[in-house]
file query15.cif (mmCIF, C-alpha atoms)
data_structure
#
loop_
_atom_site.label_atom_id
_atom_site.label_comp_id
_atom_site.auth_asym_id
_atom_site.auth_seq_id
_atom_site.Cartn_x
_atom_site.Cartn_y
_atom_site.Cartn_z
CA MET A 3 0.00 0.00 0.00
CA SER A 4 1.77 3.09 -1.18
CA SER A 5 1.86 6.63 0.13
CA LYS A 6 0.69 9.26 -2.32
CA ASN A 7 3.08 11.95 -1.03
CA LYS A 8 1.57 14.97 -2.67
CA LYS A 9 2.80 17.39 -0.03
CA LYS A 10 1.69 20.85 -0.99
CA SER A 11 3.71 22.86 1.53
CA GLU A 12 7.15 21.30 1.12
CA CYS A 13 8.69 24.61 0.01
CA THR A 14 7.15 26.48 2.92
CA TRP A 15 8.35 23.81 5.33
CA GLN A 16 11.88 24.15 4.01
CA THR A 17 11.68 27.94 3.87
CA ASP A 18 10.55 28.03 7.50
CA LEU A 19 13.50 25.87 8.54
CA GLU A 20 15.92 28.09 6.64
CA LEU A 21 14.43 31.22 8.20
CA PHE A 22 14.55 29.61 11.61
CA ARG A 23 18.23 28.72 11.19
CA ARG A 24 18.98 32.30 10.11
CA TYR A 25 17.09 33.66 13.13
CA LYS A 26 19.05 31.36 15.47
CA ASP A 27 22.20 32.79 13.91
CA GLY A 28 21.06 36.27 14.92
CA ASP A 29 19.31 37.46 11.75
CA CYS A 30 16.42 39.68 12.93
CA GLU A 31 15.08 40.06 9.40
CA ALA A 32 14.46 36.29 9.39
CA LEU A 33 12.40 36.67 12.57
CA ARG A 34 10.32 39.42 10.93
CA ILE A 35 9.68 37.26 7.86
CA LEU A 36 8.75 34.23 10.02
CA LEU A 37 6.28 36.32 12.04
CA GLU A 38 4.79 38.00 8.99
CA SER A 39 4.44 34.82 6.98
CA HIS A 40 2.56 33.09 9.82
CA TYR A 41 0.55 36.12 10.94
CA GLY A 42 -2.40 34.86 8.93
CA LEU A 43 -2.68 31.97 11.40
CA ILE A 44 -3.48 34.41 14.20
CA LYS A 45 -6.10 36.19 12.13
CA PHE A 46 -7.72 32.95 11.01
CA TRP A 47 -8.02 31.34 14.45
CA ALA A 48 -8.98 34.61 16.17
CA ARG A 49 -11.82 34.96 13.67
CA GLN A 50 -13.30 31.68 14.88
CA LEU A 51 -14.07 33.37 18.22
CA LEU A 52 -15.39 36.65 16.89
CA LEU A 53 -18.92 35.94 18.01
CA TRP A 54 -18.17 36.30 21.67
CA ALA A 55 -14.79 37.89 22.18
CA ASP A 56 -12.94 41.16 21.66
CA HIS A 57 -10.97 40.81 18.45
CA GLU A 58 -8.00 43.03 19.33
CA GLU A 59 -7.39 41.32 22.69
CA ILE A 60 -7.47 37.92 21.04
CA LEU A 61 -5.12 39.07 18.29
CA GLU A 62 -2.66 40.26 20.93
CA GLU A 63 -2.75 36.86 22.67
CA GLY A 64 -2.28 35.19 19.29
CA ARG A 65 0.76 37.38 18.55
CA ILE A 66 2.34 36.41 21.86
CA GLY A 67 1.55 32.76 21.09
CA LEU A 68 3.26 33.02 17.71
CA TYR A 69 6.32 34.68 19.24
CA LYS A 70 6.51 31.93 21.89
CA ALA A 71 6.22 29.33 19.14
CA ILE A 72 9.31 30.75 17.46
CA LYS A 73 11.19 30.90 20.76
CA SER A 74 10.35 27.32 21.70
CA PHE A 75 10.77 25.71 18.27
CA ARG A 76 13.55 23.16 17.95
CA ILE A 77 14.51 21.66 14.62
CA SER A 78 15.37 18.40 16.40
CA ASP A 79 11.72 17.95 17.48
CA ASN A 80 10.97 16.76 13.94
CA ILE A 81 7.76 18.75 13.59
CA ASP A 82 7.09 21.38 10.96
CA PHE A 83 7.06 24.95 12.20
CA HIS A 84 3.60 25.69 10.81
CA THR A 85 2.02 22.92 12.95
CA HIS A 86 4.02 24.05 15.97
CA ALA A 87 2.93 27.67 15.42
CA ARG A 88 -0.72 26.67 14.93
CA ASN A 89 -0.69 24.80 18.25
CA PHE A 90 0.82 27.75 20.11
CA VAL A 91 -1.47 30.34 18.53
CA ARG A 92 -4.63 28.33 19.26
CA LYS A 93 -3.54 27.61 22.81
CA ALA A 94 -2.73 31.29 23.44
CA ILE A 95 -6.08 32.39 22.01
CA TYR A 96 -7.93 29.75 24.00
CA ASN A 97 -6.19 30.80 27.22
CA SER A 98 -6.85 34.52 26.69
CA ALA A 99 -8.81 36.49 29.29
CA GLU A 100 -11.59 36.98 26.76
CA VAL A 101 -12.13 33.25 26.41
CA ARG A 102 -11.60 32.59 30.12
CA ARG A 103 -14.78 34.55 30.88
CA VAL A 104 -16.94 31.96 29.17
CA LYS A 105 -14.85 28.90 29.97
CA ARG A 106 -17.04 27.50 32.73
CA THR A 107 -20.05 27.29 30.43
CA LEU A 108 -17.79 26.12 27.65
CA TYR A 109 -16.40 23.25 29.72
CA ASP A 110 -19.88 22.11 30.76
CA ASN A 111 -21.22 22.21 27.23
CA TYR A 112 -18.02 20.75 25.79
CA GLY A 113 -18.14 17.65 27.96
CA THR A 114 -21.87 17.15 27.47
CA VAL A 115 -21.80 17.60 23.69
CA LEU A 116 -18.69 15.48 23.19
CA SER A 117 -20.11 12.60 25.27
CA ALA A 118 -23.45 12.79 23.47
CA GLN A 119 -21.81 12.89 20.04
CA ASP A 120 -19.64 9.88 20.86
CA LYS A 121 -22.57 7.92 22.32
CA LEU A 122 -24.86 8.66 19.35
CA MET A 123 -22.11 7.86 16.85
CA ARG A 124 -21.85 4.37 18.36
CA ASP A 125 -25.57 3.83 18.95
CA LEU A 126 -26.64 4.96 15.48
CA ASN A 127 -23.52 3.74 13.66
CA ARG A 128 -23.66 6.95 11.64
CA LYS A 129 -23.01 10.66 12.03
CA PRO A 130 -25.58 12.12 14.45
CA THR A 131 -27.38 15.31 13.45
CA ILE A 132 -27.11 18.48 15.52
CA GLU A 133 -30.80 18.09 16.37
CA GLU A 134 -30.18 14.57 17.72
CA ILE A 135 -27.33 15.86 19.90
CA SER A 136 -29.59 18.70 21.03
CA ASP A 137 -32.27 16.17 22.08
CA GLU A 138 -29.70 14.01 23.84
CA THR A 139 -28.10 16.89 25.76
CA LYS A 140 -31.16 19.09 26.33
CA LEU A 141 -29.10 21.99 24.96
CA SER A 142 -30.41 24.22 22.19
CA VAL A 143 -29.30 23.60 18.60
CA ARG A 144 -27.35 26.88 18.77
CA GLN A 145 -25.56 25.82 21.97
CA VAL A 146 -24.68 22.46 20.43
CA ASN A 147 -23.43 24.12 17.28
CA ASN A 148 -21.26 26.57 19.25
CA ALA A 149 -19.85 23.78 21.41
CA LEU A 150 -19.06 21.68 18.33
CA ASN A 151 -17.25 24.62 16.73
CA VAL A 152 -15.18 25.27 19.84
CA ILE A 153 -14.35 21.57 20.24
CA ALA A 154 -13.33 21.42 16.58
CA ALA A 155 -11.31 24.64 16.63
CA PHE A 156 -9.54 24.08 19.94
CA PRO A 157 -9.30 20.31 20.52
CA SER A 158 -5.86 20.29 22.14
CA PRO A 159 -6.31 22.84 24.95
CA LEU A 160 -9.80 21.55 25.67
CA ASN A 161 -8.53 18.01 25.82
CA GLU A 162 -5.68 18.96 28.12
CA ALA A 163 -8.24 20.41 30.51
CA ASN A 164 -10.85 17.72 30.08
CA GLY A 165 -9.16 14.58 28.77
CA GLN A 166 -12.33 13.16 27.21
CA PHE A 167 -11.21 13.23 23.62
CA ALA A 168 -10.49 9.56 22.77
CA LEU A 169 -7.88 9.79 20.02
CA GLU A 170 -6.86 7.08 17.59
CA ASP A 171 -4.12 4.78 18.81
CA PRO A 172 -1.16 4.74 16.39
CA TYR A 173 -0.20 1.23 17.57
CA GLN A 174 -3.69 -0.02 16.79
CA THR A 175 -3.51 1.55 13.33
CA GLN A 176 -0.14 -0.10 12.76
CA LEU A 177 -1.50 -3.47 13.93
CA ILE A 178 -4.37 -3.20 11.45
CA ARG A 179 -2.00 -2.06 8.69
CA ASP A 180 0.41 -4.94 9.34
CA ALA A 181 -2.41 -7.49 9.41
CA LEU A 182 -4.04 -6.23 6.21
CA ASN A 183 -0.66 -6.11 4.48
CA GLN A 184 -0.30 -9.84 5.11
CA LEU A 185 -3.50 -10.59 3.22
CA SER A 186 -3.66 -10.75 -0.56
CA SER A 187 -4.80 -7.50 -2.14
CA PRO A 188 -8.35 -8.77 -3.00
CA ASP A 189 -8.82 -10.09 0.56
CA ALA A 190 -7.58 -6.83 2.10
CA GLN A 191 -9.87 -4.83 -0.19
CA LEU A 192 -12.87 -6.93 0.86
CA ILE A 193 -12.12 -6.34 4.56
CA VAL A 194 -11.49 -2.62 4.08
CA HIS A 195 -14.57 -2.04 1.93
CA HIS A 196 -16.89 -4.04 4.17
CA HIS A 197 -15.61 -3.24 7.68
CA LEU A 198 -14.22 0.28 7.22
CA TYR A 199 -16.08 1.81 4.28
CA GLY A 200 -19.28 -0.01 5.31
CA TYR A 201 -20.24 -1.45 1.91
CA THR A 202 -22.55 -4.48 1.88
CA ASP A 203 -21.62 -7.71 0.11
CA ARG A 204 -24.25 -6.87 -2.50
CA GLU A 205 -22.69 -3.45 -3.20
CA ILE A 206 -19.19 -4.90 -3.44
CA GLY A 207 -20.47 -7.68 -5.67
CA ALA A 208 -22.21 -5.20 -7.97
CA ALA A 209 -19.00 -3.18 -8.31
CA LEU A 210 -16.92 -6.28 -9.08
CA GLY A 211 -19.50 -8.03 -11.24
CA ARG A 212 -19.77 -10.96 -8.81
CA SER A 213 -22.69 -12.44 -6.91
CA ASN A 214 -23.63 -11.47 -3.38
CA PHE A 215 -22.99 -15.07 -2.31
CA ALA A 216 -19.51 -15.20 -3.89
CA ILE A 217 -18.52 -11.99 -2.11
CA LYS A 218 -19.88 -13.25 1.21
CA MET A 219 -17.87 -16.46 0.91
CA ALA A 220 -14.71 -14.62 -0.10
CA ARG A 221 -15.14 -12.11 2.73
CA THR A 222 -15.68 -14.84 5.30
CA ARG A 223 -12.48 -16.57 4.16
CA ALA A 224 -10.61 -13.25 4.33
CA GLU A 225 -11.93 -12.66 7.85
CA VAL A 226 -10.72 -16.08 8.98
CA LYS A 227 -7.26 -15.31 7.61
CA LEU A 228 -7.26 -11.88 9.25
CA LYS A 229 -8.27 -13.38 12.60
CA ALA A 230 -5.48 -15.93 12.32
CA ILE A 231 -2.94 -13.21 11.54
CA ILE A 232 -4.06 -10.96 14.37
CA SER A 233 -4.11 -13.80 16.88
CA GLY A 234 -0.57 -14.67 15.83
CA GLN A 235 -1.47 -17.95 14.07
CA GLY A 236 -1.43 -16.62 10.53
CA THR A 237 1.02 -17.74 7.93
CA LEU A 238 2.42 -15.56 5.20
CA ASN A 239 1.63 -17.97 2.39
CA ASP A 240 -1.26 -15.85 1.21
CA GLY A 241 0.88 -13.55 -0.85
CA LYS A 242 2.42 -10.92 1.35
CA ARG A 243 2.17 -7.43 -0.09
CA GLY A 244 4.55 -4.52 0.44
CA MET B 9 -5.10 -11.05 21.27
CA GLY B 10 -7.90 -13.58 20.80
CA SER B 11 -9.05 -14.40 17.29
CA GLU B 12 -12.54 -13.08 18.04
CA ASP B 13 -11.03 -9.62 18.56
CA SER B 14 -10.09 -8.83 14.98
CA GLU B 15 -13.48 -7.53 13.88
CA GLN B 16 -13.82 -5.68 17.18
CA LEU B 17 -10.42 -4.11 16.54
CA LEU B 18 -11.63 -2.76 13.19
CA GLU B 19 -14.96 -1.72 14.70
CA GLU B 20 -13.33 0.15 17.60
CA ALA B 21 -10.81 1.89 15.35
CA ARG B 22 -13.68 3.56 13.49
CA PHE B 23 -14.84 5.33 16.63
CA LYS B 24 -11.53 6.85 17.70
CA HIS B 25 -11.12 10.56 16.96
CA LEU B 26 -8.43 11.41 14.44
CA SER B 27 -5.21 13.04 15.57
CA GLU B 28 -4.36 16.42 14.09
CA THR B 29 -1.40 14.82 12.30
CA THR B 30 -3.77 12.37 10.60
CA LEU B 31 -6.20 15.14 9.67
CA ILE B 32 -3.41 17.23 8.14
CA SER B 33 -2.09 14.21 6.22
CA TYR B 34 -5.66 13.47 5.09
CA LYS B 35 -6.07 17.06 3.87
CA ASN B 36 -2.73 16.87 2.05
CA ASP B 37 -3.54 13.49 0.46
CA GLN B 38 -0.62 11.81 2.24
CA LEU B 39 -2.23 8.84 3.99
CA ASP B 40 -1.57 5.27 2.93
CA GLU B 41 -4.52 3.10 1.93
CA VAL B 42 -5.22 1.64 5.39
CA ALA B 43 -4.87 4.95 7.23
CA LEU B 44 -7.07 6.60 4.58
CA ALA B 45 -9.75 3.93 4.99
CA LEU B 46 -9.67 4.31 8.79
CA ALA B 47 -9.86 8.10 8.49
CA ASP B 48 -12.72 7.93 5.97
CA ALA B 49 -14.57 5.45 8.16
CA HIS B 50 -14.31 7.78 11.16
CA LEU B 51 -15.15 10.93 9.19
CA LYS B 52 -18.35 9.23 8.01
CA LEU B 53 -19.37 8.90 11.68
CA CYS B 54 -18.03 11.95 13.46
CA LEU B 55 -19.34 15.52 13.31
CA ILE B 56 -16.43 16.82 15.38
CA CYS B 57 -13.60 15.44 13.23
CA GLU B 58 -15.49 16.50 10.11
CA ARG B 59 -15.52 20.06 11.47
CA ARG B 60 -11.87 19.85 12.54
CA LEU B 61 -10.96 18.88 8.99
CA CYS B 62 -13.12 21.71 7.68
CA PHE B 63 -11.26 24.21 9.90
CA LEU B 64 -7.90 22.97 8.63
CA LYS B 65 -9.06 23.24 5.02
CA LYS B 66 -10.39 26.75 5.64
CA GLU B 67 -7.12 27.69 7.36
CA ALA B 68 -5.15 26.54 4.30
CA GLU B 69 -7.44 28.54 2.00
CA ALA B 70 -7.17 31.62 4.21
CA LEU B 71 -3.38 31.39 4.32
CA ASP B 72 -3.11 30.82 0.57
CA SER B 73 -4.81 34.16 -0.04
CA TYR B 74 -3.25 35.96 2.93
CA GLU B 75 -1.21 39.09 2.28
CA PRO B 76 0.00 40.96 5.39
CA SER B 77 -1.70 44.34 5.62
CA GLU B 78 0.08 47.51 6.72
CA SER B 79 -1.42 47.12 10.22
CA ASP B 80 -0.22 43.49 10.36
CA ARG B 81 3.31 44.68 9.53
CA VAL B 82 3.15 47.37 12.19
CA ALA B 83 1.94 44.80 14.75
CA VAL B 84 4.83 42.48 13.85
CA GLU B 85 7.36 45.32 14.20
CA LYS B 86 5.91 46.23 17.62
CA LEU B 87 6.08 42.61 18.71
CA ILE B 88 9.73 42.33 17.70
CA ARG B 89 10.65 45.61 19.42
CA LYS B 90 8.79 44.66 22.60
CA HIS B 91 10.26 41.18 22.98
CA GLU B 92 13.65 41.38 21.33
CA THR B 93 14.68 44.48 23.27
CA LYS B 94 13.65 42.68 26.49
CA ALA B 95 15.82 39.72 25.50
#
call {"tool": "encode", "arguments": {"input": "query15.cif", "output": "structure tokens"}}
result
Amino acid sequence: MSSKNKKKSECTWQTDLELFRRYKDGDCEALRILLESHYGLIKFWARQLLLWADHEEILEEGRIGLYKAIKSFRISDNIDFHTHARNFVRKAIYNSAEVRRVKRTLYDNYGTVLSAQDKLMRDLNRKPTIEEISDETKLSVRQVNNALNVIAAFPSPLNEANGQFALEDPYQTQLIRDALNQLSSPDAQLIVHHHLYGYTDREIGAALGRSNFAIKMARTRAEVKLKAIISGQGTLNDGKRG
Amino acid sequence: MGSEDSEQLLEEARFKHLSETTLISYKNDQLDEVALALADAHLKLCLICERRLCFLKKEAEALDSYEPSESDRVAVEKLIRKHETKA
């Protein structure tokens, strides 16, 4: 399974590193360019809070966040500066006095909406609507919508404070990747399309020009192989793929 | 891990929220086939991660068209003077 590697911002990533190196060597012009070229981050994320906060105060917090991002950035951390700067700017904006005023309500609604969304996602096995979350939480549609926007815009600082955000486990992803890579390509495709993309045997069969029954049989065989691989009993004689 | 766990493993993976790194890689078309399938499966279910992805896409669009204004430049100069003279 190959990576597509169509990275759009490679030049920017390299330019940032070069500017950062120049700044570390004492070039103040490089600092100015770094700040100016990432200033749009502050304006973008500050705009997400315009409904209930003073814009200038938030911009000031964002500026301080961006400056701190430059000060704390280390090339050896193996992270691109843009991501590092985004994290610092969002955290600074989130921790500003303007946002602090509404944090208590925000925390309450955040926890309630996040729990309801996660519960409904599992119960319904589909994306819940805002109205369904509103019914579940007894919050208004507007409150749910605001909470969802804040959760989506500021997941890291909210999660640091709350810890409810159950993130994907990279080891689990790797386990699944390794197991699927040990299946033949058609078997892996059947598992992925049925269990991850949610297609029925009939839909897969229609796409491949095969009967529902043939797909069901093939999928069941693929599942047995996958189970054997994951439980450590699988052999690699099924045509290991790179 | 017991053999009965493999489908549960796939099922559970669909419900885990995506990391920001995954979302950025998704936006930039850089995920491998398995990671892409897991991300797609979760995005089909989750309003929050769908919005997080939307914010990242909007951020990229906003930055693509961003040109620092005169007031942005002044603010940057002030920031440098304030902090670099302190240092």
call {"tool": "resolve_selection", "arguments": {"input": "query15.cif", "expression": "the PyMOL selection byres ((chain B) within 8 of (chain A))", "output": "VMD selection string"}}
result
chain B and resid 9 to 15 17 to 19 21 to 27 36 to 43 45 to 46 48 to 49 52 to 57 59 to 60 63 67 70 to 71 74 to 76 80 to 81 84 to 85 87 to 88
call {"tool": "atom_distance", "arguments": {"input": "query15.cif", "atom1": "CA of Asn147 (chain A)", "atom2": "CA of Glu134 (chain A)"}}
result
11.7 Å
call {"tool": "resolve_selection", "arguments": {"input": "query15.cif", "expression": "the PyMOL selection byres ((chain A and resi 77-80) around 9)", "output": "list in words"}}
result
Leu19, Phe22, Arg23, Phe75, Arg76, Ile81, Asp82 and Phe83 of chain A
call {"tool": "atom_distance", "arguments": {"input": "query15.cif", "atom1": "CA of Ala94 (chain A)", "atom2": "CA of Ile44 (chain A)"}}
result
9.8 Å
call {"tool": "closest_residue", "arguments": {"input": "query15.cif", "among": "A:Tyr173, A:Ile217, A:Thr139, A:His84", "to": "Ala68 (chain B)", "atoms": "only C-alpha atoms"}}
result
A:His84
call {"tool": "atom_distance", "arguments": {"input": "query15.cif", "atom1": "CA of Lys66 (chain B)", "atom2": "CA of Lys86 (chain B)"}}
result
28.1 Å
call {"tool": "decode", "arguments": {"input": "query15.cif", "residues": "region 128-222 of chain A", "atoms": "C-alpha atoms", "output": "PDB file, in the first residue's frame"}}
result
ATOM      1  CA  ARG A 128     -23.662   6.945  11.636  1.00  0.00           C
ATOM      2  CA  LYS A 129     -23.015  10.655  12.032  1.00  0.00           C
ATOM      3  CA  PRO A 130     -25.580  12.124  14.447  1.00  0.00           C
ATOM      4  CA  THR A 131     -27.380  15.307  13.446  1.00  0.00           C
ATOM      5  CA  ILE A 132     -27.111  18.482  15.516  1.00  0.00           C
ATOM      6  CA  GLU A 133     -30.802  18.090  16.372  1.00  0.00           C
ATOM      7  CA  GLU A 134     -30.183  14.570  17.721  1.00  0.00           C
ATOM      8  CA  ILE A 135     -27.334  15.858  19.900  1.00  0.00           C
ATOM      9  CA  SER A 136     -29.587  18.700  21.034  1.00  0.00           C
ATOM     10  CA  ASP A 137     -32.269  16.170  22.075  1.00  0.00           C
ATOM     11  CA  GLU A 138     -29.704  14.012  23.843  1.00  0.00           C
ATOM     12  CA  THR A 139     -28.101  16.895  25.761  1.00  0.00           C
ATOM     13  CA  LYS A 140     -31.159  19.094  26.330  1.00  0.00           C
ATOM     14  CA  LEU A 141     -29.105  21.990  24.960  1.00  0.00           C
ATOM     15  CA  SER A 142     -30.413  24.218  22.191  1.00  0.00           C
ATOM     16  CA  VAL A 143     -29.303  23.599  18.602  1.00  0.00           C
ATOM     17  CA  ARG A 144     -27.352  26.877  18.766  1.00  0.00           C
ATOM     18  CA  GLN A 145     -25.562  25.817  21.972  1.00  0.00           C
ATOM     19  CA  VAL A 146     -24.681  22.458  20.433  1.00  0.00           C
ATOM     20  CA  ASN A 147     -23.435  24.120  17.279  1.00  0.00           C
ATOM     21  CA  ASN A 148     -21.265  26.569  19.250  1.00  0.00           C
ATOM     22  CA  ALA A 149     -19.854  23.780  21.414  1.00  0.00           C
ATOM     23  CA  LEU A 150     -19.062  21.684  18.326  1.00  0.00           C
ATOM     24  CA  ASN A 151     -17.255  24.621  16.732  1.00  0.00           C
ATOM     25  CA  VAL A 152     -15.176  25.273  19.842  1.00  0.00           C
ATOM     26  CA  ILE A 153     -14.355  21.567  20.240  1.00  0.00           C
ATOM     27  CA  ALA A 154     -13.331  21.417  16.581  1.00  0.00           C
ATOM     28  CA  ALA A 155     -11.310  24.642  16.633  1.00  0.00           C
ATOM     29  CA  PHE A 156      -9.540  24.077  19.944  1.00  0.00           C
ATOM     30  CA  PRO A 157      -9.303  20.313  20.517  1.00  0.00           C
ATOM     31  CA  SER A 158      -5.864  20.288  22.138  1.00  0.00           C
ATOM     32  CA  PRO A 159      -6.315  22.845  24.947  1.00  0.00           C
ATOM     33  CA  LEU A 160      -9.805  21.546  25.675  1.00  0.00           C
ATOM     34  CA  ASN A 161      -8.529  18.006  25.822  1.00  0.00           C
ATOM     35  CA  GLU A 162      -5.679  18.965  28.121  1.00  0.00           C
ATOM     36  CA  ALA A 163      -8.244  20.414  30.511  1.00  0.00           C
ATOM     37  CA  ASN A 164     -10.852  17.716  30.082  1.00  0.00           C
ATOM     38  CA  GLY A 165      -9.158  14.579  28.770  1.00  0.00           C
ATOM     39  CA  GLN A 166     -12.332  13.160  27.208  1.00  0.00           C
ATOM     40  CA  PHE A 167     -11.210  13.233  23.618  1.00  0.00           C
ATOM     41  CA  ALA A 168     -10.489   9.558  22.766  1.00  0.00           C
ATOM     42  CA  LEU A 169      -7.878   9.792  20.023  1.00  0.00           C
ATOM     43  CA  GLU A 170      -6.856   7.079  17.586  1.00  0.00           C
ATOM     44  CA  ASP A 171      -4.118   4.783  18.808  1.00  0.00           C
ATOM     45  CA  PRO A 172      -1.163   4.743  16.388  1.00  0.00           C
ATOM     46  CA  TYR A 173      -0.201   1.232  17.571  1.00  0.00           C
ATOM     47  CA  GLN A 174      -3.694  -0.024  16.786  1.00  0.00           C
ATOM     48  CA  THR A 175      -3.513   1.555  13.329  1.00  0.00           C
ATOM     49  CA  GLN A 176      -0.144  -0.096  12.760  1.00  0.00           C
ATOM     50  CA  LEU A 177      -1.499  -3.471  13.933  1.00  0.00           C
ATOM     51  CA  ILE A 178      -4.372  -3.202  11.448  1.00  0.00           C
ATOM     52  CA  ARG A 179      -2.004  -2.057   8.688  1.00  0.00           C
ATOM     53  CA  ASP A 180       0.411  -4.940   9.335  1.00  0.00           C
ATOM     54  CA  ALA A 181      -2.411  -7.491   9.414  1.00  0.00           C
ATOM     55  CA  LEU A 182      -4.035  -6.225   6.208  1.00  0.00           C
ATOM     56  CA  ASN A 183      -0.657  -6.113   4.477  1.00  0.00           C
ATOM     57  CA  GLN A 184      -0.296  -9.844   5.114  1.00  0.00           C
ATOM     58  CA  LEU A 185      -3.502 -10.592   3.224  1.00  0.00           C
ATOM     59  CA  SER A 186      -3.661 -10.748  -0.560  1.00  0.00           C
ATOM     60  CA  SER A 187      -4.804  -7.496  -2.145  1.00  0.00           C
ATOM     61  CA  PRO A 188      -8.350  -8.771  -2.999  1.00  0.00           C
ATOM     62  CA  ASP A 189      -8.822 -10.091   0.559  1.00  0.00           C
ATOM     63  CA  ALA A 190      -7.578  -6.826   2.104  1.00  0.00           C
ATOM     64  CA  GLN A 191      -9.867  -4.833  -0.193  1.00  0.00           C
ATOM     65  CA  LEU A 192     -12.869  -6.928   0.862  1.00  0.00           C
ATOM     66  CA  ILE A 193     -12.120  -6.339   4.556  1.00  0.00           C
ATOM     67  CA  VAL A 194     -11.486  -2.618   4.082  1.00  0.00           C
ATOM     68  CA  HIS A 195     -14.575  -2.038   1.935  1.00  0.00           C
ATOM     69  CA  HIS A 196     -16.886  -4.044   4.172  1.00  0.00           C
ATOM     70  CA  HIS A 197     -15.605  -3.244   7.681  1.00  0.00           C
ATOM     71  CA  LEU A 198     -14.225   0.276   7.216  1.00  0.00           C
ATOM     72  CA  TYR A 199     -16.082   1.805   4.284  1.00  0.00           C
ATOM     73  CA  GLY A 200     -19.285  -0.009   5.305  1.00  0.00           C
ATOM     74  CA  TYR A 201     -20.238  -1.452   1.907  1.00  0.00           C
ATOM     75  CA  THR A 202     -22.554  -4.481   1.881  1.00  0.00           C
ATOM     76  CA  ASP A 203     -21.622  -7.715   0.111  1.00  0.00           C
ATOM     77  CA  ARG A 204     -24.249  -6.873  -2.502  1.00  0.00           C
ATOM     78  CA  GLU A 205     -22.695  -3.446  -3.197  1.00  0.00           C
ATOM     79  CA  ILE A 206     -19.190  -4.898  -3.441  1.00  0.00           C
ATOM     80  CA  GLY A 207     -20.474  -7.682  -5.670  1.00  0.00           C
ATOM     81  CA  ALA A 208     -22.214  -5.205  -7.968  1.00  0.00           C
ATOM     82  CA  ALA A 209     -18.998  -3.180  -8.310  1.00  0.00           C
ATOM     83  CA  LEU A 210     -16.920  -6.279  -9.077  1.00  0.00           C
ATOM     84  CA  GLY A 211     -19.496  -8.031 -11.236  1.00  0.00           C
ATOM     85  CA  ARG A 212     -19.769 -10.959  -8.806  1.00  0.00           C
ATOM     86  CA  SER A 213     -22.691 -12.440  -6.911  1.00  0.00           C
ATOM     87  CA  ASN A 214     -23.625 -11.465  -3.378  1.00  0.00           C
ATOM     88  CA  PHE A 215     -22.988 -15.071  -2.312  1.00  0.00           C
ATOM     89  CA  ALA A 216     -19.506 -15.204  -3.887  1.00  0.00           C
ATOM     90  CA  ILE A 217     -18.517 -11.993  -2.110  1.00  0.00           C
ATOM     91  CA  LYS A 218     -19.881 -13.245   1.210  1.00  0.00           C
ATOM     92  CA  MET A 219     -17.874 -16.464   0.913  1.00  0.00           C
ATOM     93  CA  ALA A 220     -14.709 -14.618  -0.102  1.00  0.00           C
ATOM     94  CA  ARG A 221     -15.142 -12.112   2.726  1.00  0.00           C
ATOM     95  CA  THR A 222     -15.680 -14.842   5.300  1.00  0.00           C
TER      96      THR A 222
END
